[in-house]
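Student: The structure file work-v8.txt (compact mmCIF, C-alpha atoms and all ligand atoms) is provided below.
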# COMPACT_ATOMS: atom_id res chain seq x y z
CA MET A 43 82.64 156.91 -117.78
CA LYS A 44 79.50 156.99 -115.69
CA LYS A 45 77.61 153.66 -115.69
CA ILE A 46 75.08 153.60 -118.53
CA GLU A 47 71.47 153.17 -117.45
CA MET A 48 68.38 152.60 -119.56
CA VAL A 49 66.91 155.56 -117.63
CA ASP A 50 69.07 157.53 -115.18
CA LEU A 51 66.69 158.95 -112.60
CA VAL A 52 69.35 159.23 -109.90
CA SER A 53 71.40 161.76 -111.88
CA GLN A 54 68.28 163.63 -112.94
CA TYR A 55 67.26 164.03 -109.29
CA GLN A 56 70.68 165.45 -108.35
CA GLU A 57 70.05 168.43 -110.64
CA ILE A 58 66.83 169.47 -108.91
CA LYS A 59 67.40 167.97 -105.49
CA GLU A 60 67.09 171.13 -103.43
CA LYS A 61 63.79 172.22 -104.95
CA ILE A 62 62.33 168.75 -104.59
CA ASN A 63 63.48 168.24 -101.02
CA GLN A 64 62.13 171.65 -100.04
CA ALA A 65 58.71 170.92 -101.59
CA LEU A 66 58.51 167.50 -99.93
CA SER A 67 59.44 168.80 -96.51
CA GLU A 68 56.74 171.49 -96.79
CA ILE A 69 54.14 168.79 -97.38
CA MET A 70 55.40 166.67 -94.52
CA GLU A 71 55.36 169.65 -92.16
CA CYS A 72 51.64 170.22 -92.78
CA ALA A 73 50.71 166.58 -93.48
CA SER A 74 48.35 167.45 -96.31
CA PHE A 75 49.13 164.25 -98.14
CA ILE A 76 45.85 163.92 -100.04
CA ASN A 77 44.28 166.70 -102.11
CA GLY A 78 46.90 169.19 -100.93
CA PRO A 79 47.51 172.48 -102.74
CA SER A 80 50.27 170.91 -104.88
CA VAL A 81 47.70 168.70 -106.60
CA TRP A 82 45.65 171.67 -107.75
CA ARG A 83 48.73 173.71 -108.62
CA PHE A 84 50.07 170.91 -110.79
CA LYS A 85 46.69 170.33 -112.43
CA SER A 86 46.48 173.98 -113.40
CA ASN A 87 50.10 174.20 -114.60
CA LEU A 88 49.72 171.08 -116.73
CA GLU A 89 46.54 172.53 -118.24
CA ASN A 90 48.47 175.67 -119.20
CA TYR A 91 51.32 173.61 -120.59
CA LEU A 92 48.98 171.57 -122.79
CA GLY A 93 46.99 174.59 -123.97
CA ASN A 94 43.94 174.17 -126.22
CA GLN A 95 41.72 174.62 -123.12
CA ALA A 96 42.75 171.25 -121.77
CA ILE A 97 41.21 170.14 -118.49
CA VAL A 98 43.33 167.77 -116.40
CA VAL A 99 41.90 165.29 -113.89
CA PRO A 100 44.79 163.91 -111.82
CA CYS A 101 44.60 160.21 -110.90
CA ALA A 102 46.68 157.37 -109.51
CA ASN A 103 48.37 155.99 -112.64
CA GLY A 104 48.16 155.79 -116.40
CA THR A 105 46.24 152.53 -116.45
CA ASP A 106 43.54 154.05 -114.25
CA ALA A 107 43.51 157.13 -116.49
CA LEU A 108 42.56 154.96 -119.47
CA GLN A 109 40.03 152.99 -117.45
CA ILE A 110 38.36 156.11 -116.05
CA SER A 111 38.27 157.60 -119.56
CA MET A 112 36.33 154.60 -120.82
CA MET A 113 34.01 154.65 -117.80
CA GLY A 114 33.45 158.38 -118.22
CA LEU A 115 32.43 157.92 -121.83
CA GLY A 116 29.85 155.36 -120.67
CA LEU A 117 31.24 152.39 -122.57
CA GLN A 118 29.29 149.25 -121.67
CA PRO A 119 30.21 145.55 -121.47
CA GLY A 120 30.12 144.07 -124.95
CA ASP A 121 31.16 147.30 -126.65
CA GLU A 122 34.20 147.00 -128.87
CA VAL A 123 37.26 149.22 -128.66
CA ILE A 124 39.89 149.40 -131.38
CA THR A 125 43.55 149.57 -130.40
CA PRO A 126 46.92 148.74 -132.00
CA ALA A 127 48.32 145.23 -131.67
CA PHE A 128 51.75 146.64 -130.86
CA THR A 129 51.70 148.63 -127.60
CA TYR A 130 52.10 148.24 -123.87
CA ALA A 131 49.57 145.82 -122.38
CA ALA A 132 47.78 148.37 -120.17
CA THR A 133 45.90 149.74 -123.15
CA ALA A 134 44.19 146.42 -123.85
CA GLU A 135 44.04 145.42 -120.19
CA VAL A 136 41.56 148.12 -119.17
CA ILE A 137 39.41 147.37 -122.21
CA ALA A 138 39.17 143.72 -121.18
CA LEU A 139 38.77 144.58 -117.49
CA LEU A 140 35.67 146.67 -118.19
CA GLY A 141 34.09 143.80 -120.13
CA LEU A 142 34.72 145.56 -123.42
CA THR A 143 36.19 143.69 -126.36
CA PRO A 144 39.58 144.77 -127.70
CA LEU A 145 39.71 144.80 -131.50
CA PHE A 146 43.29 144.88 -132.68
CA VAL A 147 44.64 146.60 -135.76
CA ASP A 148 48.13 146.23 -137.20
CA VAL A 149 50.64 149.05 -137.02
CA ASP A 150 52.63 151.05 -139.55
CA GLU A 151 56.14 149.60 -139.69
CA ARG A 152 57.81 152.99 -139.88
CA THR A 153 56.01 154.84 -137.07
CA PHE A 154 55.08 151.78 -134.93
CA ASN A 155 51.66 153.43 -134.52
CA ILE A 156 48.22 152.17 -135.54
CA ASP A 157 47.80 151.78 -139.32
CA TYR A 158 44.70 153.90 -139.88
CA SER A 159 44.08 152.31 -143.30
CA GLN A 160 43.17 149.06 -141.54
CA ILE A 161 40.73 150.51 -139.00
CA GLU A 162 37.55 150.70 -141.05
CA GLN A 163 37.53 147.02 -141.94
CA VAL A 164 37.21 145.94 -138.29
CA ILE A 165 34.41 148.33 -137.28
CA SER A 166 31.05 146.70 -136.44
CA SER A 167 27.81 147.99 -134.95
CA LYS A 168 29.25 147.24 -131.48
CA THR A 169 32.37 149.35 -131.97
CA LYS A 170 32.37 152.46 -129.78
CA ALA A 171 35.90 153.83 -129.56
CA ILE A 172 39.39 153.94 -130.99
CA VAL A 173 42.43 154.14 -128.71
CA PRO A 174 45.43 155.36 -130.68
CA VAL A 175 48.67 155.04 -128.72
CA HIS A 176 51.38 157.64 -129.37
CA LEU A 177 54.04 154.97 -129.06
CA PHE A 178 57.64 155.73 -128.06
CA GLY A 179 56.92 159.49 -128.05
CA GLN A 180 55.51 160.16 -131.50
CA CYS A 181 51.87 160.96 -132.27
CA ALA A 182 49.73 158.56 -134.25
CA ASN A 183 48.42 159.88 -137.56
CA MET A 184 45.41 161.56 -135.97
CA GLN A 185 43.66 163.31 -138.84
CA PRO A 186 42.51 160.14 -140.65
CA ILE A 187 41.68 158.53 -137.30
CA LEU A 188 39.48 161.48 -136.32
CA GLY A 189 37.83 161.27 -139.74
CA ILE A 190 36.97 157.60 -139.30
CA ALA A 191 35.74 158.26 -135.76
CA GLN A 192 33.44 160.98 -137.00
CA LYS A 193 32.11 158.88 -139.86
CA TYR A 194 31.23 155.93 -137.57
CA ASN A 195 30.42 157.98 -134.46
CA LEU A 196 33.26 156.57 -132.37
CA TYR A 197 35.08 158.15 -129.44
CA VAL A 198 38.81 158.75 -129.70
CA ILE A 199 40.76 158.02 -126.51
CA GLU A 200 44.44 158.94 -126.80
CA ASP A 201 47.01 156.92 -124.88
CA VAL A 202 49.58 159.63 -124.16
CA ALA A 203 51.57 157.70 -121.54
CA GLN A 204 54.71 157.80 -123.70
CA ALA A 205 54.21 161.12 -125.46
CA LEU A 206 53.44 163.88 -122.99
CA GLY A 207 54.79 167.08 -124.54
CA ALA A 208 54.66 165.81 -128.13
CA GLY A 209 52.77 167.94 -130.62
CA TYR A 210 50.64 167.09 -133.62
CA THR A 211 50.15 169.29 -136.67
CA SER A 212 47.01 168.59 -138.66
CA PRO A 213 46.89 169.05 -142.46
CA ASN A 214 45.22 172.46 -141.98
CA GLY A 215 48.27 173.58 -139.99
CA SER A 216 46.71 173.67 -136.54
CA TYR A 217 49.05 172.48 -133.80
CA LYS A 218 47.89 170.63 -130.70
CA LYS A 219 49.65 168.87 -127.88
CA ALA A 220 49.13 165.12 -127.63
CA GLY A 221 46.26 164.49 -125.24
CA THR A 222 44.16 167.41 -126.48
CA ILE A 223 43.35 165.99 -129.93
CA GLY A 224 40.73 163.31 -129.28
CA ASP A 225 37.73 163.21 -126.92
CA VAL A 226 39.78 162.22 -123.91
CA ALA A 227 43.30 161.00 -123.10
CA GLY A 228 45.12 159.06 -120.43
CA THR A 229 48.70 159.68 -119.42
CA SER A 230 51.14 158.23 -116.90
CA PHE A 231 53.70 159.75 -114.56
CA PHE A 232 55.43 156.43 -113.85
CA PRO A 233 59.03 157.33 -112.90
CA SER A 234 60.56 156.41 -116.26
CA LYS A 235 58.04 158.30 -118.39
CA ASN A 236 59.05 161.64 -119.90
CA LEU A 237 57.38 163.44 -117.00
CA GLY A 238 57.76 161.00 -114.11
CA CYS A 239 57.15 161.22 -110.38
CA PHE A 240 58.71 159.21 -107.54
CA GLY A 241 56.08 156.49 -107.52
CA ASP A 242 52.85 156.07 -109.45
CA GLY A 243 50.79 158.88 -110.90
CA GLY A 244 48.58 159.63 -113.86
CA ALA A 245 46.12 162.06 -115.38
CA ILE A 246 43.10 162.15 -117.63
CA ILE A 247 42.94 164.99 -120.13
CA THR A 248 39.94 166.30 -122.01
CA THR A 249 38.78 169.53 -123.58
CA ASN A 250 35.13 168.66 -122.79
CA LYS A 251 33.98 170.34 -119.56
CA ASN A 252 30.98 168.07 -118.90
CA LEU A 253 33.09 164.98 -119.47
CA SER A 254 35.81 166.32 -117.14
CA GLU A 255 33.25 166.64 -114.34
CA MET A 256 32.12 163.04 -114.87
CA LEU A 257 35.76 161.87 -114.90
CA GLY A 258 36.41 163.66 -111.61
CA ILE A 259 33.36 162.02 -110.05
CA ILE A 260 34.35 158.54 -111.23
CA ALA A 261 37.95 158.95 -110.03
CA ASN A 262 36.59 159.89 -106.60
CA HIS A 263 34.36 156.90 -105.75
CA GLY A 264 31.54 158.15 -107.97
CA GLN A 265 30.80 160.84 -105.41
CA THR A 266 28.69 163.74 -106.61
CA SER A 267 28.96 165.32 -103.18
CA LEU A 268 30.48 164.03 -99.98
CA TYR A 269 29.00 160.60 -99.17
CA TYR A 270 26.53 160.71 -102.07
CA HIS A 271 27.47 158.10 -104.66
CA ASP A 272 25.50 158.37 -107.91
CA LYS A 273 27.82 156.20 -109.97
CA VAL A 274 30.08 153.25 -109.31
CA GLY A 275 33.51 154.83 -109.39
CA VAL A 276 37.03 153.99 -108.35
CA ASN A 277 39.53 155.36 -105.85
CA SER A 278 42.23 156.89 -107.99
CA ARG A 279 44.14 159.86 -106.60
CA LEU A 280 47.41 161.60 -107.37
CA ASP A 281 48.84 162.26 -103.93
CA SER A 282 50.26 165.63 -102.86
CA ILE A 283 53.89 164.47 -102.74
CA GLN A 284 53.81 163.13 -106.29
CA ALA A 285 52.02 166.26 -107.50
CA ALA A 286 54.65 168.52 -105.90
CA ILE A 287 57.43 166.58 -107.65
CA LEU A 288 55.58 166.71 -110.96
CA ASP A 289 54.92 170.42 -110.62
CA ILE A 290 58.66 171.04 -110.30
CA LYS A 291 59.61 168.64 -113.09
CA LEU A 292 56.97 170.09 -115.42
CA GLN A 293 59.05 173.29 -115.50
CA TYR A 294 61.88 171.22 -116.97
CA LEU A 295 59.82 169.08 -119.34
CA ASP A 296 60.73 170.98 -122.50
CA GLN A 297 64.39 170.94 -121.49
CA TYR A 298 64.16 167.22 -120.83
CA VAL A 299 62.62 166.67 -124.25
CA GLU A 300 65.42 168.69 -125.84
CA LYS A 301 68.01 166.48 -124.15
CA ARG A 302 66.25 163.34 -125.39
CA ARG A 303 66.16 164.76 -128.91
CA LYS A 304 69.85 165.53 -128.77
CA ALA A 305 70.66 161.97 -127.78
CA ALA A 306 68.36 160.69 -130.56
CA ALA A 307 70.08 162.93 -133.11
CA TYR A 308 73.45 161.55 -132.03
CA TYR A 309 72.25 157.97 -132.47
CA ASP A 310 70.67 158.81 -135.83
CA GLU A 311 73.82 160.33 -137.20
CA ARG A 312 76.06 157.46 -136.16
CA PHE A 313 73.68 154.77 -137.41
CA GLU A 314 72.77 156.47 -140.68
CA ASP A 315 74.93 154.28 -142.92
CA ILE A 316 74.60 151.02 -141.01
CA GLU A 317 72.38 148.87 -143.17
CA GLN A 318 71.39 146.48 -140.37
CA LEU A 319 69.85 149.31 -138.34
CA ILE A 320 66.66 151.15 -139.23
CA THR A 321 66.55 154.31 -137.13
CA PRO A 322 63.25 155.81 -135.87
CA TYR A 323 61.19 157.39 -138.61
CA ARG A 324 60.01 160.98 -138.06
CA ALA A 325 56.45 161.51 -139.23
CA SER A 326 55.89 164.97 -140.73
CA TYR A 327 52.72 165.54 -138.66
CA SER A 328 54.30 164.92 -135.27
CA ASP A 329 57.27 166.05 -133.31
CA HIS A 330 58.97 163.29 -131.39
CA VAL A 331 59.70 163.38 -127.66
CA PHE A 332 61.70 160.13 -127.70
CA HIS A 333 60.30 158.28 -124.76
CA GLN A 334 62.20 155.45 -126.40
CA TYR A 335 64.84 155.31 -129.10
CA THR A 336 63.88 152.12 -130.91
CA LEU A 337 65.84 150.50 -133.71
CA THR A 338 64.44 147.93 -136.09
CA LEU A 339 67.11 145.35 -136.91
CA GLN A 340 67.46 143.75 -140.31
CA GLY A 341 69.76 140.84 -141.03
CA ILE A 342 71.27 140.59 -137.57
CA ASN A 343 70.25 138.50 -134.62
CA ARG A 344 68.59 140.52 -131.88
CA ASP A 345 69.49 138.18 -129.03
CA GLY A 346 73.09 138.13 -130.20
CA LEU A 347 73.24 141.91 -130.20
CA LYS A 348 71.56 142.14 -126.82
CA ASP A 349 73.89 139.58 -125.25
CA TYR A 350 76.89 141.41 -126.67
CA LEU A 351 75.67 144.76 -125.34
CA GLU A 352 75.08 143.24 -121.94
CA SER A 353 78.63 141.90 -121.93
CA VAL A 354 79.96 145.45 -122.40
CA GLN A 355 77.57 146.95 -119.79
CA ILE A 356 75.18 148.58 -122.24
CA PRO A 357 71.54 148.00 -121.26
CA ALA A 358 68.94 147.48 -124.00
CA LYS A 359 65.28 146.53 -123.76
CA ILE A 360 62.68 144.89 -125.97
CA TYR A 361 59.48 146.93 -126.15
CA TYR A 362 57.51 144.75 -126.81
CA PRO A 363 58.31 141.06 -127.32
CA VAL A 364 54.73 139.77 -127.77
CA PRO A 365 52.04 141.65 -129.70
CA LEU A 366 48.74 142.00 -127.86
CA HIS A 367 46.64 139.83 -130.17
CA LEU A 368 48.82 136.89 -129.15
CA GLN A 369 48.52 137.56 -125.40
CA LYS A 370 46.13 135.03 -123.86
CA ALA A 371 44.44 137.58 -121.59
CA TYR A 372 43.33 139.90 -124.37
CA ASN A 373 42.72 137.56 -127.26
CA LEU A 374 38.93 137.49 -127.00
CA LYS A 375 38.41 137.31 -130.76
CA GLY A 376 40.48 134.21 -131.54
CA TYR A 377 43.30 136.04 -133.27
CA LYS A 378 45.92 133.83 -134.88
CA LYS A 379 49.64 134.14 -135.43
CA GLY A 380 50.21 135.76 -138.79
CA GLN A 381 47.17 137.99 -138.53
CA PHE A 382 49.09 141.21 -137.84
CA PRO A 383 52.37 140.62 -139.62
CA VAL A 384 53.90 144.03 -138.94
CA ALA A 385 53.28 143.91 -135.19
CA GLU A 386 54.64 140.37 -135.13
CA ARG A 387 57.74 141.26 -137.12
CA LEU A 388 58.44 144.30 -134.94
CA SER A 389 58.08 142.19 -131.81
CA ASP A 390 60.94 140.06 -133.16
CA THR A 391 63.18 142.79 -134.52
CA VAL A 392 62.99 145.95 -132.39
CA VAL A 393 65.41 146.94 -129.68
CA SER A 394 65.34 150.09 -127.56
CA LEU A 395 68.59 151.76 -126.51
CA PRO A 396 69.35 153.78 -123.39
CA MET A 397 67.34 157.00 -123.64
CA HIS A 398 67.09 159.62 -120.92
CA THR A 399 67.95 163.17 -120.04
CA GLU A 400 71.42 162.56 -118.61
CA LEU A 401 73.21 160.71 -121.44
CA ASP A 402 76.55 162.37 -122.16
CA GLU A 403 78.69 162.25 -125.29
CA THR A 404 81.16 159.79 -123.81
CA GLN A 405 78.34 157.35 -123.11
CA LEU A 406 76.71 157.89 -126.49
CA ALA A 407 80.03 157.35 -128.27
CA TYR A 408 80.61 154.16 -126.30
CA ILE A 409 77.12 152.81 -127.05
CA THR A 410 77.19 153.61 -130.76
CA GLU A 411 80.74 152.32 -131.29
CA HIS A 412 79.89 148.97 -129.75
CA ILE A 413 76.69 148.59 -131.75
CA ILE A 414 78.38 149.52 -135.01
CA SER A 415 81.28 147.17 -134.39
CA TYR A 416 78.81 144.34 -133.71
CA CYS A 417 77.01 145.05 -136.98
CA ASN A 418 80.26 145.14 -138.93
CA ARG A 419 81.41 141.86 -137.44
CA SER A 420 78.15 140.07 -138.20
CA ASN A 421 78.19 141.15 -141.83
C1 LIG B 501 53.12 153.28 -119.04
C2 LIG B 501 52.01 153.06 -119.97
C3 LIG B 501 50.68 152.91 -119.54
C4 LIG B 501 50.31 152.72 -118.10
O1 LIG B 501 50.77 153.65 -117.21
P1 LIG B 501 50.91 153.26 -115.63
O2 LIG B 501 51.09 154.58 -114.98
O3 LIG B 501 52.11 152.38 -115.51
O4 LIG B 501 49.66 152.59 -115.22
C5 LIG B 501 49.69 152.83 -120.48
N1 LIG B 501 49.97 152.87 -121.79
C6 LIG B 501 51.21 152.99 -122.26
C7 LIG B 501 51.44 153.05 -123.73
C8 LIG B 501 52.28 153.08 -121.37
O5 LIG B 501 53.53 153.18 -121.85
Could you write out this file's structure as structure tokens?
Ligand SMILES: *Cc1c(COP(=O)(O)O)cnc(C)c1O

Tutor:
Amino acid sequence: MKKIEMVDLVSQYQEIKEKINQALSEIMECASFINGPSVWRFKSNLENYLGNQAIVVPCANGTDALQISMMGLGLQPGDEVITPAFTYAATAEVIALLGLTPLFVDVDERTFNIDYSQIEQVISSKTKAIVPVHLFGQCANMQPILGIAQKYNLYVIEDVAQALGAGYTSPNGSYKKAGTIGDVAGTSFFPSKNLGCFGDGGAIITTNKNLSEMLGIIANHGQTSLYYHDKVGVNSRLDSIQAAILDIKLQYLDQYVEKRRKAAAYYDERFEDIEQLITPYRASYSDHVFHQYTLTLQGINRDGLKDYLESVQIPAKIYYPVPLHLQKAYNLKGYKKGQFPVAERLSDTVVSLPMHTELDETQLAYITEHIISYCNRSN
């Protein structure tokens, strides 16, 4: 059996090696490393992939994409931004970095995404935006979030870093890709993401043309034309080599998603009757692109399971062990332990299993058999 990895990027590369090597050597031969044609080709192809008249502004990473989104919307120090307590830190980090105040909201224990029913109670006159995160590859429940945003005149900034390719169906039946639902979105092409490059990369997505122009200006040193700086911006570029890789991998994105779904279906079926394991819930309004396959454990010790899996060479990861309201850096509002019980419970009970495009049946059988035997033994 091939060694089991959390994410197997080496095997994925082998499948598309010739195309990638060819594209990289073309760039090296002409040395157009910055703003080369591959950047604009990828931008345009991603726009087509997303549909809904999406405009893509490539940038250096997903964290920058979120930061530039907030700058582009004109959020000012002291403004409040609502975000879930259970997500990757980058979401709250850029809020705090810009002098904004993160307001946390608990999550839904089934979907792991922001619990929209708890948003309204935290809104104040300083609140300017909501950042729903489509965690682990499944869209947040957007319709009620958009409704609240409209009622209180708030921006909606989607964090699509884990859900590129996922789709959301609203109650009226309209279907949109994640990233084209709110006012603006940030996504990441970090190597392990569903669409990953060979280093850092990111993109901002919006369907608003004026906003897209502002985002492009901010990402490029606030330059309105060469050497004229009307705004304070940042230097955040997707380089030509990363764009060329992404442009090739974008052609495989739907195939990659299918492979992730197949692995998830295998896990689901094997774990169905194991009472200690709660498998990922599928919300009716979203399809799931399984950036992660995350179990919630009940009645078994997570560290015990993890140690056992490690001893049989099965990697497993905890996303995320500490909810954001209990992280010193982002706790500007004096949040206390116990305040967001679902996020806190999930932080103690979730475990993510190997999930990538190259998992084969032998590996999946090995992983599931060991997990099930551990559950049966600790009964
Ligand atoms: C990965 C990730 C980011 C940040 O992306 P980088 O490219 O690593 O900066 C932001 N939000 C979420 C939810 C992520 O998973």

Student: List the residues sitting within 9 Å of (48.5, 151.7, -138.8) in the file's frame, using only C-alpha atoms, as number ranges by chain.

Tutor: A: 126, 147-151, 153-161, 182-183

Student: Would you compute the distance between atom CA of A:Leu366 and atom CA of A:Asp329? Give it in Å to one decimal.

Tutor: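 Computing it gives 26.1 Å between the two atoms.
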
Student: Here is a test: counting only C-alpha atoms and all ligand atoms, which residue of A:Val384, A:Val136, A:Val393, A:Val364 is nearest to ligand LIG 501 (chain B)?

Tutor: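 Answer, going by the shortest atom-to-atom distance: A:Val136.
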
Student: Give as a PyMOL selection string the residues surrounding ligand LIG 501 (chain B) up to a distance of 10 Å, considering only C-alpha atoms and all ligand atoms.

Tutor: chain A and resi 101-109+128-136+174-179+200-205+228-235+238+241-245+333+361

Student: I'd like the interatomic distance between atom CA of A:Leu196 and atom CA of A:Gly116, to a tenth of an Å.

Tutor: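 Atom-to-atom, atom CA of A:Leu196 to atom CA of A:Gly116, that is 12.2 Å.
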
Student: Where does stretch 110-223 of chain A meet stretch 254-271 of chain A within 8 Å, residue by residue, with the nearest atom pair and distance in Å to one decimal for each, counting only C-alpha atoms, listed by chain and rising number, as CSV?

Tutor:
residue,atom,partner,partner_atom,distance
A:Ile110,CA,A:Leu257,CA,6.4
A:Ser111,CA,A:Leu257,CA,6.8
A:Met113,CA,A:Ile260,CA,7.6
A:Gly114,CA,A:Leu257,CA,5.3

Student: Could you dump the residues just selected with C-alpha atoms as an mmCIF file, keeping the file's coordinate frame?

Tutor:
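again23.cif written:
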data_model
loop_
_atom_site.group_PDB
_atom_site.id
_atom_site.type_symbol
_atom_site.label_atom_id
_atom_site.label_comp_id
_atom_site.auth_asym_id
_atom_site.auth_seq_id
_atom_site.Cartn_x
_atom_site.Cartn_y
_atom_site.Cartn_z
ATOM 1 C CA ILE A 110 38.360 156.110 -116.050
ATOM 2 C CA SER A 111 38.270 157.600 -119.560
ATOM 3 C CA MET A 113 34.010 154.650 -117.800
ATOM 4 C CA GLY A 114 33.450 158.380 -118.220
#

Student: Measuring atom to atom with all atoms listed in the file, identify which of A:Leu292, A:Leu142, A:Ala285, A:Ile62 is nearest to A:Trp82.

Tutor: A:Ala285

Student: Rounded to one decimal, what separation in Å do you get between atom CA of A:Thr338 and atom CA of A:Thr321?

Tutor: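 Separation of atom CA of A:Thr338 and atom CA of A:Thr321: 6.8 Å.
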
Student: Which is closer to A:Val81 than all the others in A:Ile199, A:Ala96, A:Ile69, A:Ile223, using all atoms listed in the file?

Tutor: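 Looking only at the distances to A:Val81, the closest residue turns out to be A:Ile69.
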
Student: Using all atoms listed in the file, which residue out of A:Thr143, A:Tyr323, A:Leu51, A:Ala208 lies closest to A:Lys168?

Tutor: A:Thr143

Student: With 5 Å added on each side, what axis-aligned box encloses every listed atom of stretch 385-397 of chain A? Give the centre and edge lengths in Å to one decimal, as lines of an AutoDock Vina configuration file.

Tutor:
center_x = 61.3
center_y = 148.5
center_z = -130.3
size_x = 26.1
size_y = 26.9
size_z = 23.7

Student: Output stretch 133-139 of chain A as a PDB file, in the coordinates of the input, making sure all heavy atoms are there.

Tutor:
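Result file part01.pdb:
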ATOM      1  N   THR A 133      46.923 149.219-122.259  1.00  0.00           N
ATOM      2  CA  THR A 133      45.900 149.740-123.150  1.00  0.00           C
ATOM      3  C   THR A 133      44.785 148.709-123.338  1.00  0.00           C
ATOM      4  O   THR A 133      43.595 149.025-123.225  1.00  0.00           O
ATOM      5  CB  THR A 133      46.520 150.105-124.521  1.00  0.00           C
ATOM      6  OG1 THR A 133      47.837 150.611-124.332  1.00  0.00           O
ATOM      7  CG2 THR A 133      45.678 151.119-125.248  1.00  0.00           C
ATOM      8  N   ALA A 134      45.184 147.477-123.626  1.00  0.00           N
ATOM      9  CA  ALA A 134      44.190 146.420-123.850  1.00  0.00           C
ATOM     10  C   ALA A 134      43.630 145.895-122.528  1.00  0.00           C
ATOM     11  O   ALA A 134      42.477 145.460-122.450  1.00  0.00           O
ATOM     12  CB  ALA A 134      44.824 145.264-124.632  1.00  0.00           C
ATOM     13  N   GLU A 135      44.433 145.954-121.494  1.00  0.00           N
ATOM     14  CA  GLU A 135      44.040 145.420-120.190  1.00  0.00           C
ATOM     15  C   GLU A 135      42.765 146.092-119.668  1.00  0.00           C
ATOM     16  O   GLU A 135      41.822 145.426-119.223  1.00  0.00           O
ATOM     17  CB  GLU A 135      45.176 145.642-119.194  1.00  0.00           C
ATOM     18  CG  GLU A 135      44.902 145.119-117.813  1.00  0.00           C
ATOM     19  CD  GLU A 135      46.074 145.415-116.893  1.00  0.00           C
ATOM     20  OE1 GLU A 135      46.683 146.501-116.989  1.00  0.00           O
ATOM     21  OE2 GLU A 135      46.371 144.554-116.070  1.00  0.00           O
ATOM     22  N   VAL A 136      42.732 147.422-119.721  1.00  0.00           N
ATOM     23  CA  VAL A 136      41.560 148.120-119.170  1.00  0.00           C
ATOM     24  C   VAL A 136      40.327 147.871-120.040  1.00  0.00           C
ATOM     25  O   VAL A 136      39.212 147.838-119.531  1.00  0.00           O
ATOM     26  CB  VAL A 136      41.801 149.622-118.974  1.00  0.00           C
ATOM     27  CG1 VAL A 136      42.893 149.851-117.950  1.00  0.00           C
ATOM     28  CG2 VAL A 136      42.113 150.333-120.272  1.00  0.00           C
ATOM     29  N   ILE A 137      40.535 147.683-121.319  1.00  0.00           N
ATOM     30  CA  ILE A 137      39.410 147.370-122.210  1.00  0.00           C
ATOM     31  C   ILE A 137      38.786 146.048-121.746  1.00  0.00           C
ATOM     32  O   ILE A 137      37.579 145.956-121.496  1.00  0.00           O
ATOM     33  CB  ILE A 137      39.881 147.290-123.685  1.00  0.00           C
ATOM     34  CG1 ILE A 137      40.434 148.650-124.147  1.00  0.00           C
ATOM     35  CG2 ILE A 137      38.743 146.816-124.590  1.00  0.00           C
ATOM     36  CD1 ILE A 137      41.111 148.620-125.523  1.00  0.00           C
ATOM     37  N   ALA A 138      39.655 145.040-121.587  1.00  0.00           N
ATOM     38  CA  ALA A 138      39.170 143.720-121.180  1.00  0.00           C
ATOM     39  C   ALA A 138      38.580 143.755-119.765  1.00  0.00           C
ATOM     40  O   ALA A 138      37.542 143.141-119.490  1.00  0.00           O
ATOM     41  CB  ALA A 138      40.303 142.703-121.264  1.00  0.00           C
ATOM     42  N   LEU A 139      39.220 144.500-118.875  1.00  0.00           N
ATOM     43  CA  LEU A 139      38.770 144.580-117.490  1.00  0.00           C
ATOM     44  C   LEU A 139      37.343 145.114-117.376  1.00  0.00           C
ATOM     45  O   LEU A 139      36.565 144.682-116.530  1.00  0.00           O
ATOM     46  CB  LEU A 139      39.730 145.477-116.698  1.00  0.00           C
ATOM     47  CG  LEU A 139      39.478 145.607-115.204  1.00  0.00           C
ATOM     48  CD1 LEU A 139      39.838 144.315-114.488  1.00  0.00           C
ATOM     49  CD2 LEU A 139      40.288 146.761-114.632  1.00  0.00           C
TER      50      LEU A 139
END
